[in-house]
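Student: data.pdb is reproduced in full below (PDB, C-alpha atoms).
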```
ATOM      1  CA  MET U   1       0.000   0.000   0.000  1.00  0.00           C
ATOM      2  CA  ILE U   2       1.341   3.434  -0.991  1.00  0.00           C
ATOM      3  CA  PRO U   3       1.134   6.045   1.769  1.00  0.00           C
ATOM      4  CA  ARG U   4      -0.736   9.199   0.780  1.00  0.00           C
ATOM      5  CA  PRO U   5       0.801  12.557   1.670  1.00  0.00           C
ATOM      6  CA  ARG U   6      -0.991  14.596   4.265  1.00  0.00           C
ATOM      7  CA  PRO U   7      -3.245  17.303   2.692  1.00  0.00           C
ATOM      8  CA  CYS U   8      -1.412  20.159   4.419  1.00  0.00           C
ATOM      9  CA  ALA U   9       1.888  18.892   2.954  1.00  0.00           C
ATOM     10  CA  LEU U  10       0.481  19.370  -0.575  1.00  0.00           C
ATOM     11  CA  LEU U  11      -0.651  22.958   0.002  1.00  0.00           C
ATOM     12  CA  PRO U  12       2.705  24.710  -0.694  1.00  0.00           C
ATOM     13  CA  ALA U  13       3.160  22.774  -3.935  1.00  0.00           C
ATOM     14  CA  LEU U  14      -0.397  23.599  -5.070  1.00  0.00           C
ATOM     15  CA  LEU U  15       0.062  27.287  -4.290  1.00  0.00           C
ATOM     16  CA  ALA U  16       3.384  27.430  -6.147  1.00  0.00           C
ATOM     17  CA  GLY U  17       1.789  25.790  -9.183  1.00  0.00           C
ATOM     18  CA  ALA U  18      -1.139  28.202  -9.115  1.00  0.00           C
ATOM     19  CA  LEU U  19       1.222  31.197  -9.041  1.00  0.00           C
ATOM     20  CA  LEU U  20       3.087  29.897 -12.064  1.00  0.00           C
ATOM     21  CA  LEU U  21      -0.173  29.563 -14.013  1.00  0.00           C
ATOM     22  CA  ALA U  22      -1.733  32.867 -12.889  1.00  0.00           C
ATOM     23  CA  PRO U  23      -1.587  35.693 -15.447  1.00  0.00           C
ATOM     24  CA  ASP U  24       0.636  38.641 -14.638  1.00  0.00           C
ATOM     25  CA  ALA U  25      -1.611  41.532 -13.527  1.00  0.00           C
ATOM     26  CA  ARG U  26       0.645  44.121 -15.166  1.00  0.00           C
ATOM     27  CA  SER U  27       0.434  42.427 -18.573  1.00  0.00           C
ATOM     28  CA  ALA U  28      -3.368  42.219 -18.245  1.00  0.00           C
ATOM     29  CA  GLU U  29      -3.524  45.976 -17.650  1.00  0.00           C
ATOM     30  CA  ALA U  30      -1.242  46.685 -20.601  1.00  0.00           C
ATOM     31  CA  ASP U  31      -3.498  44.676 -22.903  1.00  0.00           C
ATOM     32  CA  THR U  32      -6.769  46.400 -21.941  1.00  0.00           C
ATOM     33  CA  TYR U  33      -8.095  49.251 -24.081  1.00  0.00           C
ATOM     34  CA  ARG U  34     -11.237  51.331 -23.528  1.00  0.00           C
ATOM     35  CA  LEU U  35     -13.938  52.867 -25.679  1.00  0.00           C
ATOM     36  CA  THR U  36     -16.746  55.024 -24.357  1.00  0.00           C
ATOM     37  CA  ILE U  37     -20.174  55.647 -25.863  1.00  0.00           C
ATOM     38  CA  LYS U  38     -21.653  59.056 -25.029  1.00  0.00           C
ATOM     39  CA  ASP U  39     -24.307  60.980 -26.964  1.00  0.00           C
ATOM     40  CA  HIS U  40     -24.389  58.056 -29.433  1.00  0.00           C
ATOM     41  CA  ARG U  41     -20.703  58.511 -30.331  1.00  0.00           C
ATOM     42  CA  PHE U  42     -17.640  56.372 -29.655  1.00  0.00           C
ATOM     43  CA  ALA U  43     -14.648  58.005 -27.987  1.00  0.00           C
ATOM     44  CA  PRO U  44     -11.965  57.882 -29.019  1.00  0.00           C
ATOM     45  CA  ALA U  45     -13.115  57.642 -32.631  1.00  0.00           C
ATOM     46  CA  ALA U  46      -9.761  56.042 -33.525  1.00  0.00           C
ATOM     47  CA  LEU U  47      -8.213  53.672 -30.980  1.00  0.00           C
ATOM     48  CA  GLU U  48      -4.617  52.529 -31.503  1.00  0.00           C
ATOM     49  CA  ILE U  49      -3.618  49.044 -30.337  1.00  0.00           C
ATOM     50  CA  PRO U  50      -0.495  46.949 -30.934  1.00  0.00           C
ATOM     51  CA  ALA U  51      -0.575  44.705 -33.996  1.00  0.00           C
ATOM     52  CA  GLY U  52       0.018  41.012 -33.439  1.00  0.00           C
ATOM     53  CA  ARG U  53      -1.355  40.890 -29.885  1.00  0.00           C
ATOM     54  CA  LYS U  54      -4.691  39.804 -28.458  1.00  0.00           C
ATOM     55  CA  VAL U  55      -6.268  42.621 -26.420  1.00  0.00           C
ATOM     56  CA  ALA U  56      -9.292  43.179 -24.222  1.00  0.00           C
ATOM     57  CA  LEU U  57     -11.552  45.970 -25.430  1.00  0.00           C
ATOM     58  CA  VAL U  58     -13.791  47.402 -22.710  1.00  0.00           C
ATOM     59  CA  VAL U  59     -16.737  49.316 -24.171  1.00  0.00           C
ATOM     60  CA  GLY U  60     -18.566  51.501 -21.641  1.00  0.00           C
ATOM     61  CA  ASN U  61     -21.944  53.021 -22.485  1.00  0.00           C
ATOM     62  CA  LEU U  62     -22.583  56.303 -20.647  1.00  0.00           C
ATOM     63  CA  ASP U  63     -25.906  56.813 -22.455  1.00  0.00           C
ATOM     64  CA  PRO U  64     -29.165  55.652 -20.854  1.00  0.00           C
ATOM     65  CA  THR U  65     -30.102  53.657 -23.972  1.00  0.00           C
ATOM     66  CA  ALA U  66     -28.448  50.565 -25.393  1.00  0.00           C
ATOM     67  CA  GLU U  67     -25.983  50.678 -28.265  1.00  0.00           C
ATOM     68  CA  GLU U  68     -24.399  47.916 -30.275  1.00  0.00           C
ATOM     69  CA  PHE U  69     -20.700  47.526 -31.015  1.00  0.00           C
ATOM     70  CA  GLU U  70     -20.517  45.925 -34.442  1.00  0.00           C
ATOM     71  CA  SER U  71     -17.664  45.248 -36.834  1.00  0.00           C
ATOM     72  CA  SER U  72     -17.705  42.837 -39.739  1.00  0.00           C
ATOM     73  CA  GLU U  73     -13.933  43.353 -40.110  1.00  0.00           C
ATOM     74  CA  LEU U  74     -13.329  42.315 -36.474  1.00  0.00           C
ATOM     75  CA  HIS U  75     -16.099  39.676 -36.534  1.00  0.00           C
ATOM     76  CA  ARG U  76     -17.706  41.125 -33.397  1.00  0.00           C
ATOM     77  CA  GLU U  77     -21.256  42.153 -32.590  1.00  0.00           C
ATOM     78  CA  SER U  78     -22.451  42.841 -29.078  1.00  0.00           C
ATOM     79  CA  VAL U  79     -25.097  44.989 -27.398  1.00  0.00           C
ATOM     80  CA  VAL U  80     -23.868  47.373 -24.700  1.00  0.00           C
ATOM     81  CA  PRO U  81     -26.784  48.147 -22.344  1.00  0.00           C
ATOM     82  CA  GLY U  82     -27.272  51.746 -21.227  1.00  0.00           C
ATOM     83  CA  GLY U  83     -25.097  52.576 -18.218  1.00  0.00           C
ATOM     84  CA  ALA U  84     -23.132  49.326 -18.534  1.00  0.00           C
ATOM     85  CA  GLU U  85     -19.921  48.029 -20.042  1.00  0.00           C
ATOM     86  CA  ILE U  86     -18.846  44.917 -21.883  1.00  0.00           C
ATOM     87  CA  THR U  87     -15.478  43.346 -22.625  1.00  0.00           C
ATOM     88  CA  LEU U  88     -14.622  42.012 -26.073  1.00  0.00           C
ATOM     89  CA  TYR U  89     -11.410  40.232 -27.019  1.00  0.00           C
ATOM     90  CA  ILE U  90      -9.917  41.073 -30.394  1.00  0.00           C
ATOM     91  CA  GLY U  91      -6.778  40.123 -32.238  1.00  0.00           C
ATOM     92  CA  PRO U  92      -4.117  39.401 -32.793  1.00  0.00           C
ATOM     93  CA  LEU U  93      -4.588  41.779 -35.741  1.00  0.00           C
ATOM     94  CA  GLN U  94      -2.421  42.515 -38.737  1.00  0.00           C
ATOM     95  CA  PRO U  95      -1.363  46.165 -39.028  1.00  0.00           C
ATOM     96  CA  GLY U  96      -4.217  48.184 -40.485  1.00  0.00           C
ATOM     97  CA  ARG U  97      -7.527  49.924 -39.811  1.00  0.00           C
ATOM     98  CA  TYR U  98     -10.628  48.041 -38.676  1.00  0.00           C
ATOM     99  CA  ARG U  99     -13.922  49.938 -38.729  1.00  0.00           C
ATOM    100  CA  PHE U 100     -16.740  49.524 -36.211  1.00  0.00           C
ATOM    101  CA  PHE U 101     -20.107  51.178 -35.678  1.00  0.00           C
ATOM    102  CA  GLY U 102     -23.107  51.347 -33.389  1.00  0.00           C
ATOM    103  CA  ASP U 103     -25.919  49.561 -35.167  1.00  0.00           C
ATOM    104  CA  PHE U 104     -28.624  51.544 -33.315  1.00  0.00           C
ATOM    105  CA  ASN U 105     -27.150  54.949 -34.292  1.00  0.00           C
ATOM    106  CA  ARG U 106     -25.192  54.324 -37.482  1.00  0.00           C
ATOM    107  CA  ALA U 107     -24.994  57.988 -38.488  1.00  0.00           C
ATOM    108  CA  SER U 108     -23.120  59.083 -35.354  1.00  0.00           C
ATOM    109  CA  ALA U 109     -21.669  55.982 -33.652  1.00  0.00           C
ATOM    110  CA  ARG U 110     -18.627  55.197 -35.773  1.00  0.00           C
ATOM    111  CA  GLY U 111     -14.966  54.529 -35.181  1.00  0.00           C
ATOM    112  CA  GLU U 112     -11.951  52.439 -36.015  1.00  0.00           C
ATOM    113  CA  ILE U 113      -9.293  50.316 -34.386  1.00  0.00           C
ATOM    114  CA  VAL U 114      -5.809  51.113 -35.702  1.00  0.00           C
ATOM    115  CA  ALA U 115      -3.394  48.200 -35.275  1.00  0.00           C
ATOM    116  CA  LYS U 116       0.259  49.278 -35.429  1.00  0.00           C
TER     117      LYS U 116
END
```
Kindly transcribe the structure held in the file into structure tokens.

Tutor:
Amino acid sequence: MIPRPRPCALLPALLAGALLLAPDARSAEADTYRLTIKDHRFAPAALEIPAGRKVALVVGNLDPTAEEFESSELHRESVVPGGAEITLYIGPLQPGRYRFFGDFNRASARGEIVAK
């Protein structure tokens, strides 16, 4: 019969393994970019991100009504409720410009992601 290690003896090894697998908080912050919707417009209208890297795009809606973030070039479509925010993951992208728009207010809610 093989003796089993005591549970408390495994704890340091489990914690060390979890730390190795945990994402670095600083790199998560560096890869997060923000867009704001106010008065049915995206700000900034042109958002620069690094090419070749996956990023988190947080879209906050300051308007009381819902808006949609939509981009056929980025293959993303998501409703942003009024007064709420969503997170989308995009990339890695080739260098270039990727247009997006608000489907509920197409005339005013427009912008682009610029991958450099």

Student: Can you list, as a PDB file with C-alpha atoms, in the coordinates of the input, the residues that the PyMOL selection byres ((chain U and resi 45-52) around 9) selects here?

Tutor:
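File written: part_7.pdb
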```
ATOM      1  CA  ASP U  31      -3.498  44.676 -22.903  1.00  0.00           C
ATOM      2  CA  TYR U  33      -8.095  49.251 -24.081  1.00  0.00           C
ATOM      3  CA  ARG U  34     -11.237  51.331 -23.528  1.00  0.00           C
ATOM      4  CA  LEU U  35     -13.938  52.867 -25.679  1.00  0.00           C
ATOM      5  CA  ARG U  41     -20.703  58.511 -30.331  1.00  0.00           C
ATOM      6  CA  PHE U  42     -17.640  56.372 -29.655  1.00  0.00           C
ATOM      7  CA  ALA U  43     -14.648  58.005 -27.987  1.00  0.00           C
ATOM      8  CA  PRO U  44     -11.965  57.882 -29.019  1.00  0.00           C
ATOM      9  CA  ARG U  53      -1.355  40.890 -29.885  1.00  0.00           C
ATOM     10  CA  LYS U  54      -4.691  39.804 -28.458  1.00  0.00           C
ATOM     11  CA  VAL U  55      -6.268  42.621 -26.420  1.00  0.00           C
ATOM     12  CA  GLY U  91      -6.778  40.123 -32.238  1.00  0.00           C
ATOM     13  CA  PRO U  92      -4.117  39.401 -32.793  1.00  0.00           C
ATOM     14  CA  LEU U  93      -4.588  41.779 -35.741  1.00  0.00           C
ATOM     15  CA  GLN U  94      -2.421  42.515 -38.737  1.00  0.00           C
ATOM     16  CA  PRO U  95      -1.363  46.165 -39.028  1.00  0.00           C
ATOM     17  CA  GLY U  96      -4.217  48.184 -40.485  1.00  0.00           C
ATOM     18  CA  ALA U 109     -21.669  55.982 -33.652  1.00  0.00           C
ATOM     19  CA  ARG U 110     -18.627  55.197 -35.773  1.00  0.00           C
ATOM     20  CA  GLY U 111     -14.966  54.529 -35.181  1.00  0.00           C
ATOM     21  CA  GLU U 112     -11.951  52.439 -36.015  1.00  0.00           C
ATOM     22  CA  ILE U 113      -9.293  50.316 -34.386  1.00  0.00           C
ATOM     23  CA  VAL U 114      -5.809  51.113 -35.702  1.00  0.00           C
ATOM     24  CA  ALA U 115      -3.394  48.200 -35.275  1.00  0.00           C
ATOM     25  CA  LYS U 116       0.259  49.278 -35.429  1.00  0.00           C
TER      26      LYS U 116
END
```

Student: If we count only C-alpha atoms, what is near Asp103 in chain U at a cut-off of 10 Å, once residues fewer than 3 positions away on the same chain are taken out, given as a ChimeraX atom specification?

Tutor: /U:67-71,77-79,100,106-110

Student: Figure out the distance between CA of Thr36 in chain U and CA of Leu88 in chain U, please, to one decimal in Å.

Tutor: 13.3 Å

Student: When you draw a straight line from CA of Leu57 in chain U to CA of Asn105 in chain U, how long is it in Å?

Tutor: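 Those two atoms sit 20.1 Å apart.
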
Student: State, in Å with one decimal place, the distance from CA of Pro81 in chain U to CA of Thr32 in chain U.

Tutor: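 Atom-to-atom, CA of Pro81 in chain U and CA of Thr32 in chain U are spaced 20.1 Å apart.
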
Student: List the spatial neighbours of Gly83 in chain U as a ChimeraX atom specification - criterion: any atom at most 6 Å away, all atoms listed in the file, same-chain residues fewer than 4 positions off excluded.

Tutor: /U:61-62,64

Student: Quick one: everything within 10 Å of Thr65 in chain U, counting only C-alpha atoms, minus sequence neighbours fewer than 6 positions away in the same chain. Send it as a PyMOL selection string.

Tutor: chain U and resi 39-40+80-84+104

Student: Kindly provide, as JSON, the centre and edge lengths (Å, one decimal) of an axis-aligned box around all atoms of range 28-44 of chain U given in the file, with 3 Å on each side.

Tutor:
```
{"center_x": -12.8, "center_y": 51.6, "center_z": -24.0, "size_x": 29.1, "size_y": 24.8, "size_z": 18.7}
```

Student: Rank nothing, just name the residue among U:Tyr98, U:Gly60, U:Lys38, U:Thr87 nearest to Leu74 in chain U, using all atoms listed in the file.

Tutor: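 Closest residue, counting all atoms listed in the file: U:Tyr98.
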
Student: Export range 25-74 of chain U of the preceding structure, keeping N, CA and C atoms, as a PDB file, in the first residue's frame.

Tutor:
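Wrote decode.pdb, looks like this:
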```pdb
ATOM      1  N   ALA U  25      -0.646  40.436 -13.567  1.00  0.00           N
ATOM      2  CA  ALA U  25      -1.611  41.532 -13.527  1.00  0.00           C
ATOM      3  C   ALA U  25      -1.148  42.717 -14.359  1.00  0.00           C
ATOM      4  N   ARG U  26       0.154  42.985 -14.382  1.00  0.00           N
ATOM      5  CA  ARG U  26       0.645  44.121 -15.166  1.00  0.00           C
ATOM      6  C   ARG U  26       0.431  43.893 -16.653  1.00  0.00           C
ATOM      7  N   SER U  27       0.635  42.671 -17.146  1.00  0.00           N
ATOM      8  CA  SER U  27       0.434  42.427 -18.573  1.00  0.00           C
ATOM      9  C   SER U  27      -1.046  42.495 -18.927  1.00  0.00           C
ATOM     10  N   ALA U  28      -1.931  42.122 -17.984  1.00  0.00           N
ATOM     11  CA  ALA U  28      -3.368  42.219 -18.245  1.00  0.00           C
ATOM     12  C   ALA U  28      -3.775  43.675 -18.390  1.00  0.00           C
ATOM     13  N   GLU U  29      -3.211  44.554 -17.548  1.00  0.00           N
ATOM     14  CA  GLU U  29      -3.524  45.976 -17.650  1.00  0.00           C
ATOM     15  C   GLU U  29      -3.017  46.550 -18.962  1.00  0.00           C
ATOM     16  N   ALA U  30      -1.841  46.144 -19.387  1.00  0.00           N
ATOM     17  CA  ALA U  30      -1.242  46.685 -20.601  1.00  0.00           C
ATOM     18  C   ALA U  30      -2.037  46.269 -21.834  1.00  0.00           C
ATOM     19  N   ASP U  31      -2.760  45.183 -21.754  1.00  0.00           N
ATOM     20  CA  ASP U  31      -3.498  44.676 -22.903  1.00  0.00           C
ATOM     21  C   ASP U  31      -4.979  45.055 -22.877  1.00  0.00           C
ATOM     22  N   THR U  32      -5.374  45.975 -22.028  1.00  0.00           N
ATOM     23  CA  THR U  32      -6.769  46.400 -21.941  1.00  0.00           C
ATOM     24  C   THR U  32      -6.906  47.800 -22.518  1.00  0.00           C
ATOM     25  N   TYR U  33      -7.837  47.961 -23.440  1.00  0.00           N
ATOM     26  CA  TYR U  33      -8.095  49.251 -24.081  1.00  0.00           C
ATOM     27  C   TYR U  33      -9.566  49.590 -23.894  1.00  0.00           C
ATOM     28  N   ARG U  34      -9.877  50.891 -23.838  1.00  0.00           N
ATOM     29  CA  ARG U  34     -11.237  51.331 -23.528  1.00  0.00           C
ATOM     30  C   ARG U  34     -11.825  52.217 -24.609  1.00  0.00           C
ATOM     31  N   LEU U  35     -13.111  51.994 -24.850  1.00  0.00           N
ATOM     32  CA  LEU U  35     -13.938  52.867 -25.679  1.00  0.00           C
ATOM     33  C   LEU U  35     -15.117  53.304 -24.828  1.00  0.00           C
ATOM     34  N   THR U  36     -15.582  54.515 -25.061  1.00  0.00           N
ATOM     35  CA  THR U  36     -16.746  55.024 -24.357  1.00  0.00           C
ATOM     36  C   THR U  36     -17.795  55.435 -25.376  1.00  0.00           C
ATOM     37  N   ILE U  37     -19.055  55.174 -25.046  1.00  0.00           N
ATOM     38  CA  ILE U  37     -20.174  55.647 -25.863  1.00  0.00           C
ATOM     39  C   ILE U  37     -20.862  56.752 -25.065  1.00  0.00           C
ATOM     40  N   LYS U  38     -20.952  57.937 -25.660  1.00  0.00           N
ATOM     41  CA  LYS U  38     -21.653  59.056 -25.029  1.00  0.00           C
ATOM     42  C   LYS U  38     -22.290  59.878 -26.134  1.00  0.00           C
ATOM     43  N   ASP U  39     -23.558  60.234 -25.949  1.00  0.00           N
ATOM     44  CA  ASP U  39     -24.307  60.980 -26.964  1.00  0.00           C
ATOM     45  C   ASP U  39     -24.281  60.250 -28.303  1.00  0.00           C
ATOM     46  N   HIS U  40     -24.349  58.919 -28.253  1.00  0.00           N
ATOM     47  CA  HIS U  40     -24.389  58.056 -29.433  1.00  0.00           C
ATOM     48  C   HIS U  40     -23.136  58.174 -30.292  1.00  0.00           C
ATOM     49  N   ARG U  41     -21.991  58.429 -29.641  1.00  0.00           N
ATOM     50  CA  ARG U  41     -20.703  58.511 -30.331  1.00  0.00           C
ATOM     51  C   ARG U  41     -19.670  57.709 -29.548  1.00  0.00           C
ATOM     52  N   PHE U  42     -18.754  57.088 -30.284  1.00  0.00           N
ATOM     53  CA  PHE U  42     -17.640  56.372 -29.655  1.00  0.00           C
ATOM     54  C   PHE U  42     -16.490  57.341 -29.414  1.00  0.00           C
ATOM     55  N   ALA U  43     -15.838  57.209 -28.285  1.00  0.00           N
ATOM     56  CA  ALA U  43     -14.648  58.005 -27.987  1.00  0.00           C
ATOM     57  C   ALA U  43     -13.596  57.082 -27.383  1.00  0.00           C
ATOM     58  N   PRO U  44     -12.390  57.102 -27.875  1.00  0.00           N
ATOM     59  CA  PRO U  44     -11.965  57.882 -29.019  1.00  0.00           C
ATOM     60  C   PRO U  44     -12.508  57.285 -30.315  1.00  0.00           C
ATOM     61  N   ALA U  45     -12.611  58.122 -31.337  1.00  0.00           N
ATOM     62  CA  ALA U  45     -13.115  57.642 -32.631  1.00  0.00           C
ATOM     63  C   ALA U  45     -12.102  56.732 -33.315  1.00  0.00           C
ATOM     64  N   ALA U  46     -10.819  56.916 -33.012  1.00  0.00           N
ATOM     65  CA  ALA U  46      -9.761  56.042 -33.525  1.00  0.00           C
ATOM     66  C   ALA U  46      -8.941  55.565 -32.327  1.00  0.00           C
ATOM     67  N   LEU U  47      -8.913  54.266 -32.120  1.00  0.00           N
ATOM     68  CA  LEU U  47      -8.213  53.672 -30.980  1.00  0.00           C
ATOM     69  C   LEU U  47      -7.038  52.860 -31.498  1.00  0.00           C
ATOM     70  N   GLU U  48      -5.824  53.221 -31.061  1.00  0.00           N
ATOM     71  CA  GLU U  48      -4.617  52.529 -31.503  1.00  0.00           C
ATOM     72  C   GLU U  48      -4.276  51.392 -30.546  1.00  0.00           C
ATOM     73  N   ILE U  49      -4.030  50.214 -31.110  1.00  0.00           N
ATOM     74  CA  ILE U  49      -3.618  49.044 -30.337  1.00  0.00           C
ATOM     75  C   ILE U  49      -2.399  48.422 -31.013  1.00  0.00           C
ATOM     76  N   PRO U  50      -1.648  47.589 -30.301  1.00  0.00           N
ATOM     77  CA  PRO U  50      -0.495  46.949 -30.934  1.00  0.00           C
ATOM     78  C   PRO U  50      -0.930  45.831 -31.882  1.00  0.00           C
ATOM     79  N   ALA U  51      -0.319  45.796 -33.049  1.00  0.00           N
ATOM     80  CA  ALA U  51      -0.575  44.705 -33.996  1.00  0.00           C
ATOM     81  C   ALA U  51       0.048  43.426 -33.452  1.00  0.00           C
ATOM     82  N   GLY U  52      -0.552  42.301 -33.803  1.00  0.00           N
ATOM     83  CA  GLY U  52       0.018  41.012 -33.439  1.00  0.00           C
ATOM     84  C   GLY U  52      -0.228  40.561 -32.020  1.00  0.00           C
ATOM     85  N   ARG U  53      -1.080  41.275 -31.269  1.00  0.00           N
ATOM     86  CA  ARG U  53      -1.355  40.890 -29.885  1.00  0.00           C
ATOM     87  C   ARG U  53      -2.857  40.845 -29.649  1.00  0.00           C
ATOM     88  N   LYS U  54      -3.290  39.875 -28.870  1.00  0.00           N
ATOM     89  CA  LYS U  54      -4.691  39.804 -28.458  1.00  0.00           C
ATOM     90  C   LYS U  54      -4.897  40.826 -27.345  1.00  0.00           C
ATOM     91  N   VAL U  55      -5.997  41.599 -27.432  1.00  0.00           N
ATOM     92  CA  VAL U  55      -6.268  42.621 -26.420  1.00  0.00           C
ATOM     93  C   VAL U  55      -7.714  42.521 -25.949  1.00  0.00           C
ATOM     94  N   ALA U  56      -7.940  43.044 -24.758  1.00  0.00           N
ATOM     95  CA  ALA U  56      -9.292  43.179 -24.222  1.00  0.00           C
ATOM     96  C   ALA U  56      -9.763  44.586 -24.548  1.00  0.00           C
ATOM     97  N   LEU U  57     -10.958  44.684 -25.095  1.00  0.00           N
ATOM     98  CA  LEU U  57     -11.552  45.970 -25.430  1.00  0.00           C
ATOM     99  C   LEU U  57     -12.775  46.154 -24.546  1.00  0.00           C
ATOM    100  N   VAL U  58     -12.687  47.107 -23.610  1.00  0.00           N
ATOM    101  CA  VAL U  58     -13.791  47.402 -22.710  1.00  0.00           C
ATOM    102  C   VAL U  58     -14.581  48.549 -23.328  1.00  0.00           C
ATOM    103  N   VAL U  59     -15.867  48.306 -23.574  1.00  0.00           N
ATOM    104  CA  VAL U  59     -16.737  49.316 -24.171  1.00  0.00           C
ATOM    105  C   VAL U  59     -17.759  49.720 -23.113  1.00  0.00           C
ATOM    106  N   GLY U  60     -17.658  50.976 -22.658  1.00  0.00           N
ATOM    107  CA  GLY U  60     -18.566  51.501 -21.641  1.00  0.00           C
ATOM    108  C   GLY U  60     -19.592  52.417 -22.274  1.00  0.00           C
ATOM    109  N   ASN U  61     -20.855  52.221 -21.932  1.00  0.00           N
ATOM    110  CA  ASN U  61     -21.944  53.021 -22.485  1.00  0.00           C
ATOM    111  C   ASN U  61     -22.441  53.991 -21.413  1.00  0.00           C
ATOM    112  N   LEU U  62     -22.152  55.286 -21.595  1.00  0.00           N
ATOM    113  CA  LEU U  62     -22.583  56.303 -20.647  1.00  0.00           C
ATOM    114  C   LEU U  62     -23.989  56.810 -20.954  1.00  0.00           C
ATOM    115  N   ASP U  63     -24.546  56.417 -22.093  1.00  0.00           N
ATOM    116  CA  ASP U  63     -25.906  56.813 -22.455  1.00  0.00           C
ATOM    117  C   ASP U  63     -26.915  55.946 -21.710  1.00  0.00           C
ATOM    118  N   PRO U  64     -28.143  56.448 -21.537  1.00  0.00           N
ATOM    119  CA  PRO U  64     -29.165  55.652 -20.854  1.00  0.00           C
ATOM    120  C   PRO U  64     -29.772  54.559 -21.743  1.00  0.00           C
ATOM    121  N   THR U  65     -29.543  54.645 -23.042  1.00  0.00           N
ATOM    122  CA  THR U  65     -30.102  53.657 -23.972  1.00  0.00           C
ATOM    123  C   THR U  65     -29.006  52.731 -24.481  1.00  0.00           C
ATOM    124  N   ALA U  66     -29.399  51.565 -24.899  1.00  0.00           N
ATOM    125  CA  ALA U  66     -28.448  50.565 -25.393  1.00  0.00           C
ATOM    126  C   ALA U  66     -27.841  51.001 -26.721  1.00  0.00           C
ATOM    127  N   GLU U  67     -26.654  50.510 -26.980  1.00  0.00           N
ATOM    128  CA  GLU U  67     -25.983  50.678 -28.265  1.00  0.00           C
ATOM    129  C   GLU U  67     -25.320  49.358 -28.597  1.00  0.00           C
ATOM    130  N   GLU U  68     -25.049  49.152 -29.863  1.00  0.00           N
ATOM    131  CA  GLU U  68     -24.399  47.916 -30.275  1.00  0.00           C
ATOM    132  C   GLU U  68     -23.023  48.226 -30.834  1.00  0.00           C
ATOM    133  N   PHE U  69     -22.029  47.467 -30.407  1.00  0.00           N
ATOM    134  CA  PHE U  69     -20.700  47.526 -31.015  1.00  0.00           C
ATOM    135  C   PHE U  69     -20.700  46.463 -32.098  1.00  0.00           C
ATOM    136  N   GLU U  70     -20.492  46.882 -33.342  1.00  0.00           N
ATOM    137  CA  GLU U  70     -20.517  45.925 -34.442  1.00  0.00           C
ATOM    138  C   GLU U  70     -19.380  46.213 -35.406  1.00  0.00           C
ATOM    139  N   SER U  71     -18.727  45.136 -35.852  1.00  0.00           N
ATOM    140  CA  SER U  71     -17.664  45.248 -36.834  1.00  0.00           C
ATOM    141  C   SER U  71     -17.572  43.951 -37.616  1.00  0.00           C
ATOM    142  N   SER U  72     -17.855  44.037 -38.910  1.00  0.00           N
ATOM    143  CA  SER U  72     -17.705  42.837 -39.739  1.00  0.00           C
ATOM    144  C   SER U  72     -16.222  42.523 -39.930  1.00  0.00           C
ATOM    145  N   GLU U  73     -15.377  43.556 -39.936  1.00  0.00           N
ATOM    146  CA  GLU U  73     -13.933  43.353 -40.110  1.00  0.00           C
ATOM    147  C   GLU U  73     -13.303  42.657 -38.897  1.00  0.00           C
ATOM    148  N   LEU U  74     -13.830  42.941 -37.701  1.00  0.00           N
ATOM    149  CA  LEU U  74     -13.329  42.315 -36.474  1.00  0.00           C
ATOM    150  C   LEU U  74     -14.122  41.071 -36.094  1.00  0.00           C
TER     151      LEU U  74
END
```
